[in-house]
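See structure below.
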Amino acid sequence: MKEIPKNYNPSESEDDIYKLWEESGFFNPDNIDSSERYCNVLPPPNANGELHVGHASGYTVMDIFGRYERMNGKKTLLLPGKDHAGIQTQVVYEKKIKKERGIARDEIGREKFYDEVYEFCMDRSGYMRSQEKRIGISADWSREKFSLDPDGLKIALETFVKMYEDGLVYKGNRIINWCPSCGTALADVEVLHKEEDGKLCYIKYPIKDSDEFISVATTRPETMLGDTAIAVNPKDEKYKDLIGKTAMLPLMNREIPIISDYRIEMGFGTGAVKITPAHDPLDWQIGKDHKLEELQVIDEMSEITDLGGKYAGQKVMEARRNVFADLSDLGLLEKEEDLKINKSICERCKTVIEPLISKQWFVNVDAKKYSLKKEAIKALKEGKINVYPKNFENILINWYENLNDWCISRQIWWGPQFPVWYKGEEIYVGLEAPDGGNPDSAKAMTGNPDSAKATTGEWVQDENTFDTWFSSGQWPYTTLGFPEGKDYKQFYPTDMMIMGRDILPFWAARMIMFGLYKTGNVPFKNLYFTGLIRDKEGHKFSKSRGNGIDPLPMIDKYGADALRLSLVMDTTPGQDARLYEEKIERFRNFTTKLWNIYRYSNQSDENFNIVEEISTEDLKTVSDRWVVSELQKTIQETTKFIEAKNISLAQEKLRVFTWDILADWYVEINKIEKNAKVLGYVFDKILKLWHPFIPFITEKIFQDFHAGKKLLMVSAWPKADESLIDENVSAEFDNLKNIITRIRNIRSSYRIDAAMAIDAYGAEVSGKEIIERLARVKIVGSASESGNFMRISEGDIALDLDIAKLIDVEKEKTRLQNEIKNLESSITRIENTLKNEKFLTGAPKEIIEESRNRMEEYKSKLETQRELLGNLGAF
RNA sequence: GGACGAUUAGCUCAGUUGGUUAGAGCGUCACAUUGACAUUGUGAAGGUCACUGGUUCGAGUCCAGUAUCGUCCACCA
């Protein structure tokens, strides 16, 4: 007999198991012979850090589906990769060199900086890959991609060229979000809004040729230097007479018109607004519509420009104080109020955003020739993508409907440069530099992309780099090798995409738009959102809070399987879930349980082996038939739930079968009525059913039987054998089960010592030994005609328990009376339902039939209980 | 302001196309060391499914509204 330790030790075997899988070659779909395919291009984590629990959660879901499909015999590809993550990585690396070497990127220079960051990403990628393997993800590492790999990048840049030709991208002056710290423009989605305490400052602007004033309210007094109008709502009675007049801009002594615009809210502040088109998004819109001048008074370094008069050169905050003081001296400061203001901050470095006008590259998401957003909405509405959970489809559509043009140029160094060249006024867009060009001639950045316009007579490449999401939005087909790659041809459109709900607008939405535009097809057929993982109190994990759970120590301590279960069990797609150590521990306990079923099986029979097929002749007892029948139902239901992408319910079904049915009942009974073949058969099936969820322990056990000759990973997913489903066995087994439970109940409620066997009478009772053992009774003789016994019965099993001396008769009477009352009310309820004409005509036949049966069942139970109550009178 | 989500046992959460007496884990209480497992077993207590109305033979589930909490988007100068 094999010596099997009491507990499964994950850290001892997980690495070996993973190696076994990897060396088998079956992570690579080329080694699977099948006409069916399954592909999930994995979301590439940012190659600048390490794996966190959010990655682990996503990978677990991806791996569950991937392993399931592989066991179903499909050529299965989980394609891993890493993303260069432009701004974020640049920020991370700048911090690193600042800390370690005390230098800034300018001191290194663009080219060298780029090379260093590249090396850094390669290093981090390697580390992260090792972490990903520890989660157990069955990805094909031979195909691993990096977002700056030349092949994939070329495809992504070709898209830009195509979009340029189709008029879907343009370079233009628009107001953008400028991060003074990162020194780059940002897309709207890269800006966070944070509410803070601030001041609302009321300034009086004199009306020209009058001694009157008009008051405006602002949270940023310094921007008044760039005011080119004052706007009021046309319906505002208060200002009706002032529309069309001219105000004098204090400090600058500039004449500005008073205009009317419907976007001005009458109730807020004074109802009059200073308009600074160059430094506020709404003002910019209004300025465009009213053809106002745009005066840039703040530059990319957050300093006042020459247009700011005597404040030129001052930092924004400094200018604010000075403007404030000067207005105060002039008596033009009316008052100041406290106000909650919504500050825009950079997602990556948390610096306050400076809205300013800049010449940037934009994607026109609603172009005449091809509307990216409308095509995406259309595809969704046509049901080309199954979205899990379903309601996220509405969120996506809503997001598209509100989508504005997308700024894709960044003034950072880390990332792919625009395939655009300039010579004087000429512009060339294409993958290769035109003749005479010198693509390596990038110069130091000034923040103004126009500086790339060389005047030297040579072609000079645009210095801008792409927004990361421009390339990652194309990930599904760039990684597969659009349009001629073998993988593209066999795996696109992919089957599954899984991501956290927080990156829906960044990523899911863009992949759909790009996929449809470039390939004419959706990038994936199923889109599954996970919720966010939060801490025990429901807070988001964050570095500053220090409440994150690092997945790797958890794997060390409890095993990857336990972590996987804790991340996906009892969860709903798109719904946030909490994670904490006790929860992981609880699932570790489950793996121990599974292990011990295995251990028991070996101990009970020295030739124990797993068995793939079984026939009805092998089923000797009610319990055998019951457990095998229940197993078939479990196979059916588990499969059904996975197909419906409901992994949580699939696992719940399996857990109930494994723990409640198999371990707590069948294994206990098996100790008396041994049937190693049935046990081996059931065990084989649960190993397979559990494998996608907990791959390590299941494979480990499987290898104990197969010693590397066969892999559980590529074993066939079980199919239910309907001939083994016995519709009647459940009721039959329930009699046995219920009688045992009844006795246990009696023991518990009357405090009968668990160690003491209760004498009972009922010699011919079926399942005698099982009842004796599991309920700890001693059947000492036949039922007698008389005597102070408590009779219990379930179906055809009846026992007389000799416990008169041990129990409290009154208590038992009360219990029986209560049960009788419950049964009576249930019966009355069903009777009324069955009397209801509408129910009889409206409800399906099965339901009516079920109700009738249930009523019969209750009635027979009621009779028994009444009889028992009567018997008690004898005591 | 717009969109979306949540509200079910003390806590954390499941609950499939509407159909038994609404479930699990943890926690609590009582008992147990019986041939795997104390990382265990047995049993118990604990819920007017947020509220109001509607549809239906039948509602935790569908519809409308209300309340509270939360998320995202837009944004008030």
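Each chain of the structure tokens is named A, B, ... in the order shown, its residues numbered from 1; ligands are numbered from 1 in display order.
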Counting only C-alpha atoms (C1' of nucleotides), a student should be able to say which residues of chain B come within 10 Å of chain A; what is the right answer, written as a short mmCIF file (atom, residue, chain, number, x, y, z; two decimals) with N, CA and C atoms (P, O5', C5', C4', C3', O3' and C1' of nucleotides), in the first residue's frame?
data_model
loop_
_atom_site.label_atom_id
_atom_site.label_comp_id
_atom_site.auth_asym_id
_atom_site.auth_seq_id
_atom_site.Cartn_x
_atom_site.Cartn_y
_atom_site.Cartn_z
P G B 2 -30.79 62.84 -14.80
"O5'" G B 2 -29.73 62.07 -15.71
"C5'" G B 2 -29.78 62.19 -17.13
"C4'" G B 2 -28.72 61.32 -17.74
"C3'" G B 2 -28.76 59.86 -17.34
"O3'" G B 2 -29.72 59.12 -18.06
"C1'" G B 2 -26.55 60.63 -17.18
P A B 3 -30.40 57.86 -17.39
"O5'" A B 3 -29.22 56.78 -17.42
"C5'" A B 3 -28.75 56.28 -18.67
"C4'" A B 3 -27.54 55.42 -18.45
"C3'" A B 3 -27.72 54.24 -17.52
"O3'" A B 3 -28.38 53.16 -18.14
"C1'" A B 3 -25.73 55.36 -16.95
P C B 4 -29.32 52.24 -17.25
"O5'" C B 4 -28.27 51.47 -16.33
"C5'" C B 4 -27.35 50.57 -16.93
"C4'" C B 4 -26.28 50.19 -15.94
"C3'" C B 4 -26.76 49.46 -14.69
"O3'" C B 4 -27.12 48.12 -14.93
"C1'" C B 4 -25.15 51.06 -14.08
P G B 5 -28.20 47.47 -13.98
"O5'" G B 5 -27.38 47.19 -12.64
"C5'" G B 5 -26.30 46.27 -12.64
"C4'" G B 5 -25.48 46.43 -11.40
"C3'" G B 5 -26.17 46.06 -10.10
"O3'" G B 5 -26.23 44.68 -9.92
"C1'" G B 5 -24.98 48.07 -9.80
P A B 6 -27.46 44.08 -9.16
"O5'" A B 6 -27.08 44.42 -7.65
"C5'" A B 6 -25.93 43.84 -7.05
"C4'" A B 6 -25.71 44.46 -5.70
"C3'" A B 6 -26.86 44.29 -4.72
"O3'" A B 6 -26.79 43.04 -4.09
"C1'" A B 6 -26.16 46.54 -4.72
P U B 12 -20.85 42.11 5.63
"O5'" U B 12 -20.20 40.90 4.82
"C5'" U B 12 -18.79 40.84 4.65
"C4'" U B 12 -18.44 39.65 3.79
"C3'" U B 12 -19.20 39.59 2.47
"O3'" U B 12 -18.61 40.44 1.51
"C1'" U B 12 -19.21 37.46 3.50
P C B 13 -19.45 40.93 0.27
"O5'" C B 13 -19.67 39.54 -0.47
"C5'" C B 13 -20.86 39.27 -1.14
"C4'" C B 13 -20.91 37.80 -1.38
"C3'" C B 13 -21.98 37.34 -2.35
"O3'" C B 13 -21.51 37.50 -3.68
"C1'" C B 13 -22.00 35.94 -0.44
P A B 14 -22.52 37.56 -4.88
"O5'" A B 14 -22.70 35.99 -5.11
"C5'" A B 14 -23.97 35.43 -5.05
"C4'" A B 14 -23.86 33.95 -5.25
"C3'" A B 14 -25.04 33.37 -6.01
"O3'" A B 14 -24.79 33.39 -7.40
"C1'" A B 14 -24.83 32.25 -3.96
P G B 15 -25.80 34.12 -8.37
"O5'" G B 15 -27.14 33.32 -8.04
"C5'" G B 15 -27.23 31.92 -8.33
"C4'" G B 15 -28.47 31.38 -7.71
"C3'" G B 15 -29.77 32.09 -8.10
"O3'" G B 15 -30.23 31.68 -9.36
"C1'" G B 15 -29.74 31.76 -5.77
P U B 16 -31.14 32.66 -10.16
"O5'" U B 16 -31.15 32.06 -11.63
"C5'" U B 16 -30.07 32.38 -12.52
"C4'" U B 16 -30.03 31.37 -13.65
"C3'" U B 16 -31.39 30.94 -14.17
"O3'" U B 16 -31.35 30.78 -15.57
"C1'" U B 16 -30.24 29.05 -13.38
P G B 19 -38.40 29.67 -10.17
"O5'" G B 19 -39.71 28.87 -9.80
"C5'" G B 19 -40.42 29.21 -8.61
"C4'" G B 19 -41.23 28.03 -8.16
"C3'" G B 19 -40.53 26.70 -8.39
"O3'" G B 19 -40.80 25.86 -7.30
"C1'" G B 19 -42.61 26.72 -9.53
P U B 20 -39.92 25.83 -6.10
"O5'" U B 20 -41.17 25.67 -5.13
"C5'" U B 20 -40.97 25.51 -3.76
"C4'" U B 20 -41.72 24.31 -3.31
"C3'" U B 20 -41.58 24.10 -1.81
"O3'" U B 20 -42.87 23.88 -1.28
"C1'" U B 20 -40.96 22.12 -2.98
P U B 21 -43.50 25.13 -0.58
"O5'" U B 21 -42.40 25.42 0.53
"C5'" U B 21 -42.52 26.56 1.37
"C4'" U B 21 -41.56 26.42 2.51
"C3'" U B 21 -40.09 26.26 2.11
"O3'" U B 21 -39.30 27.03 3.00
"C1'" U B 21 -40.74 24.47 3.49
P A B 24 -27.46 25.38 3.99
"O5'" A B 24 -26.07 25.80 3.34
"C5'" A B 24 -25.48 25.01 2.31
"C4'" A B 24 -24.24 25.70 1.80
"C3'" A B 24 -23.25 26.09 2.88
"O3'" A B 24 -22.44 24.98 3.22
"C1'" A B 24 -23.57 27.91 1.42
P G B 25 -21.89 24.83 4.66
"O5'" G B 25 -20.73 25.91 4.66
"C5'" G B 25 -19.55 25.71 3.88
"C4'" G B 25 -18.71 26.96 3.95
"C3'" G B 25 -18.40 27.44 5.36
"O3'" G B 25 -17.28 26.76 5.90
"C1'" G B 25 -19.16 29.25 4.06
P C B 26 -17.19 26.50 7.42
"O5'" C B 26 -16.96 27.97 7.99
"C5'" C B 26 -15.75 28.66 7.72
"C4'" C B 26 -15.86 30.10 8.18
"C3'" C B 26 -16.24 30.29 9.65
"O3'" C B 26 -15.11 30.16 10.50
"C1'" C B 26 -17.56 31.72 8.31
P A B 30 -21.59 25.72 24.40
"O5'" A B 30 -22.34 24.37 24.05
"C5'" A B 30 -23.54 24.02 24.74
"C4'" A B 30 -24.08 22.74 24.17
"C3'" A B 30 -23.08 21.60 24.07
"O3'" A B 30 -22.89 20.96 25.31
"C1'" A B 30 -24.30 21.76 22.07
P C B 31 -21.47 20.32 25.62
"O5'" C B 31 -21.43 19.06 24.64
"C5'" C B 31 -22.30 17.97 24.90
"C4'" C B 31 -22.32 17.05 23.71
"C3'" C B 31 -21.00 16.39 23.35
"O3'" C B 31 -20.67 15.34 24.23
"C1'" C B 31 -22.05 17.13 21.38
P A B 32 -19.16 15.06 24.51
"O5'" A B 32 -18.68 14.43 23.12
"C5'" A B 32 -19.06 13.09 22.82
"C4'" A B 32 -18.71 12.78 21.40
"C3'" A B 32 -17.23 12.57 21.11
"O3'" A B 32 -16.85 11.26 21.43
"C1'" A B 32 -18.20 13.92 19.43
P U B 34 -11.69 7.10 18.68
"O5'" U B 34 -13.10 6.72 18.20
"C5'" U B 34 -13.42 5.33 18.10
"C4'" U B 34 -14.37 5.09 16.97
"C3'" U B 34 -13.79 5.16 15.57
"O3'" U B 34 -13.26 3.88 15.25
"C1'" U B 34 -16.05 5.97 15.73
P G B 35 -12.91 3.48 13.81
"O5'" G B 35 -12.01 4.68 13.29
"C5'" G B 35 -10.61 4.53 13.22
"C4'" G B 35 -10.16 3.96 11.90
"C3'" G B 35 -10.60 4.69 10.65
"O3'" G B 35 -9.66 5.66 10.37
"C1'" G B 35 -10.65 2.34 10.36
P A B 36 -9.57 7.02 10.02
"O5'" A B 36 -9.57 7.09 8.43
"C5'" A B 36 -8.40 6.81 7.71
"C4'" A B 36 -8.04 7.99 6.83
"C3'" A B 36 -8.22 9.35 7.50
"O3'" A B 36 -7.02 9.69 8.16
"C1'" A B 36 -9.35 9.34 5.43
P C B 37 -7.05 10.45 9.51
"O5'" C B 37 -7.48 11.92 9.08
"C5'" C B 37 -6.62 12.71 8.26
"C4'" C B 37 -7.38 13.92 7.82
"C3'" C B 37 -8.06 14.71 8.93
"O3'" C B 37 -7.16 15.61 9.53
"C1'" C B 37 -9.57 14.37 7.15
P U B 39 -6.65 21.59 12.66
"O5'" U B 39 -7.48 21.74 11.30
"C5'" U B 39 -8.35 22.85 11.08
"C4'" U B 39 -8.77 22.80 9.63
"C3'" U B 39 -9.35 21.44 9.24
"O3'" U B 39 -10.47 21.63 8.40
"C1'" U B 39 -7.44 21.91 7.93
P U B 40 -11.84 21.75 8.67
"O5'" U B 40 -12.32 20.26 8.99
"C5'" U B 40 -12.02 19.20 8.13
"C4'" U B 40 -12.46 17.92 8.77
"C3'" U B 40 -13.93 17.82 9.13
"O3'" U B 40 -14.72 17.53 8.00
"C1'" U B 40 -12.66 17.04 10.95
P G B 41 -16.18 18.07 7.94
"O5'" G B 41 -16.93 17.05 8.90
"C5'" G B 41 -16.92 15.67 8.59
"C4'" G B 41 -17.53 14.91 9.72
"C3'" G B 41 -18.92 15.34 10.13
"O3'" G B 41 -19.89 14.84 9.24
"C1'" G B 41 -17.62 15.07 12.06
P U B 42 -21.17 15.65 8.93
"O5'" U B 42 -22.01 15.43 10.26
"C5'" U B 42 -22.42 14.11 10.63
"C4'" U B 42 -23.12 14.17 11.95
"C3'" U B 42 -24.23 15.20 12.03
"O3'" U B 42 -25.42 14.73 11.43
"C1'" U B 42 -22.89 15.34 13.97
P G B 43 -26.32 15.76 10.64
"O5'" G B 43 -26.87 16.72 11.79
"C5'" G B 43 -27.98 16.30 12.56
"C4'" G B 43 -28.06 17.09 13.83
"C3'" G B 43 -28.53 18.53 13.72
"O3'" G B 43 -29.92 18.63 13.45
"C1'" G B 43 -26.79 18.39 15.28
P A B 44 -30.53 19.90 12.74
"O5'" A B 44 -30.47 20.97 13.91
"C5'" A B 44 -31.24 20.77 15.09
"C4'" A B 44 -30.94 21.85 16.08
"C3'" A B 44 -31.26 23.26 15.60
"O3'" A B 44 -32.63 23.55 15.79
"C1'" A B 44 -29.11 23.22 16.59
P U B 56 -52.74 39.85 -14.40
"O5'" U B 56 -51.94 38.51 -14.06
"C5'" U B 56 -51.24 37.80 -15.08
"C4'" U B 56 -50.46 36.68 -14.47
"C3'" U B 56 -51.27 35.75 -13.57
"O3'" U B 56 -52.00 34.80 -14.32
"C1'" U B 56 -49.21 36.29 -12.54
P C B 57 -53.51 34.46 -13.85
"O5'" C B 57 -53.28 33.65 -12.50
"C5'" C B 57 -54.39 33.34 -11.66
"C4'" C B 57 -53.96 32.32 -10.64
"C3'" C B 57 -52.67 32.64 -9.91
"O3'" C B 57 -52.90 33.51 -8.82
"C1'" C B 57 -52.59 30.41 -10.68
P G B 58 -51.89 34.71 -8.55
"O5'" G B 58 -50.56 33.91 -8.20
"C5'" G B 58 -50.47 33.24 -6.93
"C4'" G B 58 -49.18 32.49 -6.84
"C3'" G B 58 -47.92 33.33 -7.02
"O3'" G B 58 -47.57 33.96 -5.81
"C1'" G B 58 -47.75 31.35 -8.32
P U B 71 -17.62 54.52 -4.57
"O5'" U B 71 -17.72 53.93 -6.03
"C5'" U B 71 -17.08 52.69 -6.34
"C4'" U B 71 -17.44 52.29 -7.75
"C3'" U B 71 -17.18 53.34 -8.81
"O3'" U B 71 -15.81 53.40 -9.19
"C1'" U B 71 -19.32 52.41 -9.16
P C B 72 -15.19 54.78 -9.66
"O5'" C B 72 -15.77 54.89 -11.14
"C5'" C B 72 -15.36 53.97 -12.14
"C4'" C B 72 -16.26 54.10 -13.34
"C3'" C B 72 -16.29 55.47 -14.00
"O3'" C B 72 -15.16 55.69 -14.83
"C1'" C B 72 -18.49 54.69 -13.77
P C B 73 -14.63 57.18 -15.01
"O5'" C B 73 -15.77 57.81 -15.93
"C5'" C B 73 -15.96 57.38 -17.26
"C4'" C B 73 -17.18 58.02 -17.86
"C3'" C B 73 -17.19 59.54 -17.90
"O3'" C B 73 -16.40 60.04 -18.95
"C1'" C B 73 -19.28 58.78 -17.14
P A B 74 -15.69 61.44 -18.75
"O5'" A B 74 -16.92 62.44 -18.72
"C5'" A B 74 -17.65 62.71 -19.91
"C4'" A B 74 -18.81 63.60 -19.60
"C3'" A B 74 -18.47 64.93 -18.95
"O3'" A B 74 -18.01 65.89 -19.89
"C1'" A B 74 -20.25 63.96 -17.78
P C B 75 -16.78 66.82 -19.46
"O5'" C B 75 -17.37 67.72 -18.29
"C5'" C B 75 -18.38 68.67 -18.59
"C4'" C B 75 -19.12 69.06 -17.34
"C3'" C B 75 -18.35 69.95 -16.36
"O3'" C B 75 -18.32 71.30 -16.77
"C1'" C B 75 -19.45 68.24 -15.17
P C B 76 -17.05 72.17 -16.35
"O5'" C B 76 -17.68 72.93 -15.13
"C5'" C B 76 -18.91 73.60 -15.27
"C4'" C B 76 -19.29 74.22 -13.99
"C3'" C B 76 -18.38 73.99 -12.78
"O3'" C B 76 -17.16 74.73 -12.82
"C1'" C B 76 -20.62 73.81 -12.11
P A B 77 -15.92 74.24 -12.05
"O5'" A B 77 -15.27 75.48 -11.31
"C5'" A B 77 -15.96 76.71 -11.28
"C4'" A B 77 -15.75 77.41 -12.60
"C3'" A B 77 -15.43 78.87 -12.45
"O3'" A B 77 -14.01 79.00 -12.66
"C1'" A B 77 -17.29 78.52 -13.91
#
Alpha helix (DSSP H) residues, from DSSP on the backbone, in region 27-217 of chain A, as a PyMOL selection string:
chain A and resi 53-71+86-101+110-135+150-165
Among region 27-113 of chain A, which residues carry a DSSP assignment of strand (DSSP E), reported as a ChimeraX atom specification?
/A:37-41,75-79,81-82
Store the residues picked out above, limited to N, CA, C and O atoms, as a PDB file, in the first residue's frame.
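Printed below is selection_8.pdb as written:
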ATOM      1  N   ARG A  37     -11.488  24.510 -32.299  1.00  0.00           N
ATOM      2  CA  ARG A  37     -10.495  25.419 -31.727  1.00  0.00           C
ATOM      3  C   ARG A  37     -11.096  26.274 -30.643  1.00  0.00           C
ATOM      4  O   ARG A  37     -12.291  26.556 -30.644  1.00  0.00           O
ATOM      5  N   TYR A  38     -10.218  26.701 -29.775  1.00  0.00           N
ATOM      6  CA  TYR A  38     -10.621  27.660 -28.741  1.00  0.00           C
ATOM      7  C   TYR A  38      -9.447  28.591 -28.512  1.00  0.00           C
ATOM      8  O   TYR A  38      -8.310  28.132 -28.357  1.00  0.00           O
ATOM      9  N   CYS A  39      -9.715  29.875 -28.527  1.00  0.00           N
ATOM     10  CA  CYS A  39      -8.618  30.823 -28.343  1.00  0.00           C
ATOM     11  C   CYS A  39      -9.012  31.947 -27.403  1.00  0.00           C
ATOM     12  O   CYS A  39     -10.096  32.521 -27.510  1.00  0.00           O
ATOM     13  N   ASN A  40      -8.143  32.206 -26.464  1.00  0.00           N
ATOM     14  CA  ASN A  40      -8.302  33.344 -25.574  1.00  0.00           C
ATOM     15  C   ASN A  40      -6.970  34.085 -25.555  1.00  0.00           C
ATOM     16  O   ASN A  40      -5.987  33.565 -25.047  1.00  0.00           O
ATOM     17  N   VAL A  41      -6.952  35.262 -26.183  1.00  0.00           N
ATOM     18  CA  VAL A  41      -5.764  36.094 -26.121  1.00  0.00           C
ATOM     19  C   VAL A  41      -5.793  36.775 -24.749  1.00  0.00           C
ATOM     20  O   VAL A  41      -6.728  37.504 -24.435  1.00  0.00           O
ATOM     21  N   LYS A  75      -8.298  22.342 -29.931  1.00  0.00           N
ATOM     22  CA  LYS A  75      -6.994  22.997 -30.041  1.00  0.00           C
ATOM     23  C   LYS A  75      -7.133  24.285 -29.254  1.00  0.00           C
ATOM     24  O   LYS A  75      -7.803  25.217 -29.699  1.00  0.00           O
ATOM     25  N   THR A  76      -6.523  24.344 -28.103  1.00  0.00           N
ATOM     26  CA  THR A  76      -6.766  25.458 -27.206  1.00  0.00           C
ATOM     27  C   THR A  76      -5.546  26.345 -27.080  1.00  0.00           C
ATOM     28  O   THR A  76      -4.450  25.863 -26.784  1.00  0.00           O
ATOM     29  N   LEU A  77      -5.752  27.614 -27.342  1.00  0.00           N
ATOM     30  CA  LEU A  77      -4.648  28.569 -27.239  1.00  0.00           C
ATOM     31  C   LEU A  77      -4.981  29.663 -26.234  1.00  0.00           C
ATOM     32  O   LEU A  77      -5.922  30.428 -26.424  1.00  0.00           O
ATOM     33  N   LEU A  78      -4.195  29.699 -25.170  1.00  0.00           N
ATOM     34  CA  LEU A  78      -4.219  30.856 -24.275  1.00  0.00           C
ATOM     35  C   LEU A  78      -2.923  31.601 -24.577  1.00  0.00           C
ATOM     36  O   LEU A  78      -1.841  31.095 -24.311  1.00  0.00           O
ATOM     37  N   LEU A  79      -3.077  32.750 -25.193  1.00  0.00           N
ATOM     38  CA  LEU A  79      -1.909  33.457 -25.706  1.00  0.00           C
ATOM     39  C   LEU A  79      -1.462  34.545 -24.736  1.00  0.00           C
ATOM     40  O   LEU A  79      -2.161  35.534 -24.544  1.00  0.00           O
ATOM     41  N   GLY A  81       1.062  37.559 -22.976  1.00  0.00           N
ATOM     42  CA  GLY A  81       1.817  38.704 -23.461  1.00  0.00           C
ATOM     43  C   GLY A  81       2.024  39.738 -22.373  1.00  0.00           C
ATOM     44  O   GLY A  81       1.543  39.587 -21.249  1.00  0.00           O
ATOM     45  N   LYS A  82       2.767  40.766 -22.750  1.00  0.00           N
ATOM     46  CA  LYS A  82       3.012  41.868 -21.808  1.00  0.00           C
ATOM     47  C   LYS A  82       2.853  43.180 -22.571  1.00  0.00           C
ATOM     48  O   LYS A  82       3.163  43.249 -23.767  1.00  0.00           O
TER      49      LYS A  82
END
Which neighbours of region 22-25 of chain A fall inside 12 Å, counting only C-alpha atoms (C1' of nucleotides), when residues of the same chain fewer than 2 positions from it are skipped, and could you give them as a ChimeraX atom specification?
/A:15-20,27-32,76-77,133,136-142,708-714
Given the choices A:Leu242, A:Ala650, A:Val729, A:Met71, which gets closest to Ser629 (chain A) if the distance is worked out from only C-alpha atoms?
A:Val729
Which distance in Å separates CA of Pro43 (chain A) and CA of Ile408 (chain A), to one decimal?
20.4 Å
At what distance in Å, to one decimal, does CA of Thr828 (chain A) lie from C1' of U55 (chain B)?
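Answer for the C1' of U55 (chain B) to CA of Thr828 (chain A) separation: 25.6 Å.
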Atomic separation - CA of Asp487 (chain A) relative to CA of Leu431 (chain A), Å:
23.5 Å
List the spatial neighbours of region 369-380 of chain A as JSON, numbers by chain - criterion: any atom at most 10 Å away, only C-alpha atoms (C1' of nucleotides), same-chain residues fewer than 4 positions off excluded.
{"A": [163, 166, 167, 168, 363, 364, 365, 384, 385, 386, 387, 393, 394, 396, 397, 398, 399, 400, 401, 402, 403, 404, 509, 510, 511, 512, 513, 514, 515, 516, 517, 520, 521, 522]}
Quick one: everything within 12 Å of Ser358 (chain A), counting only C-alpha atoms (C1' of nucleotides), minus sequence neighbours fewer than 5 positions away in the same chain. Send it as a PyMOL selection string.
chain A and resi 171-178+184-186+278-279+284+294-296+298-300+407+409-411+447-450
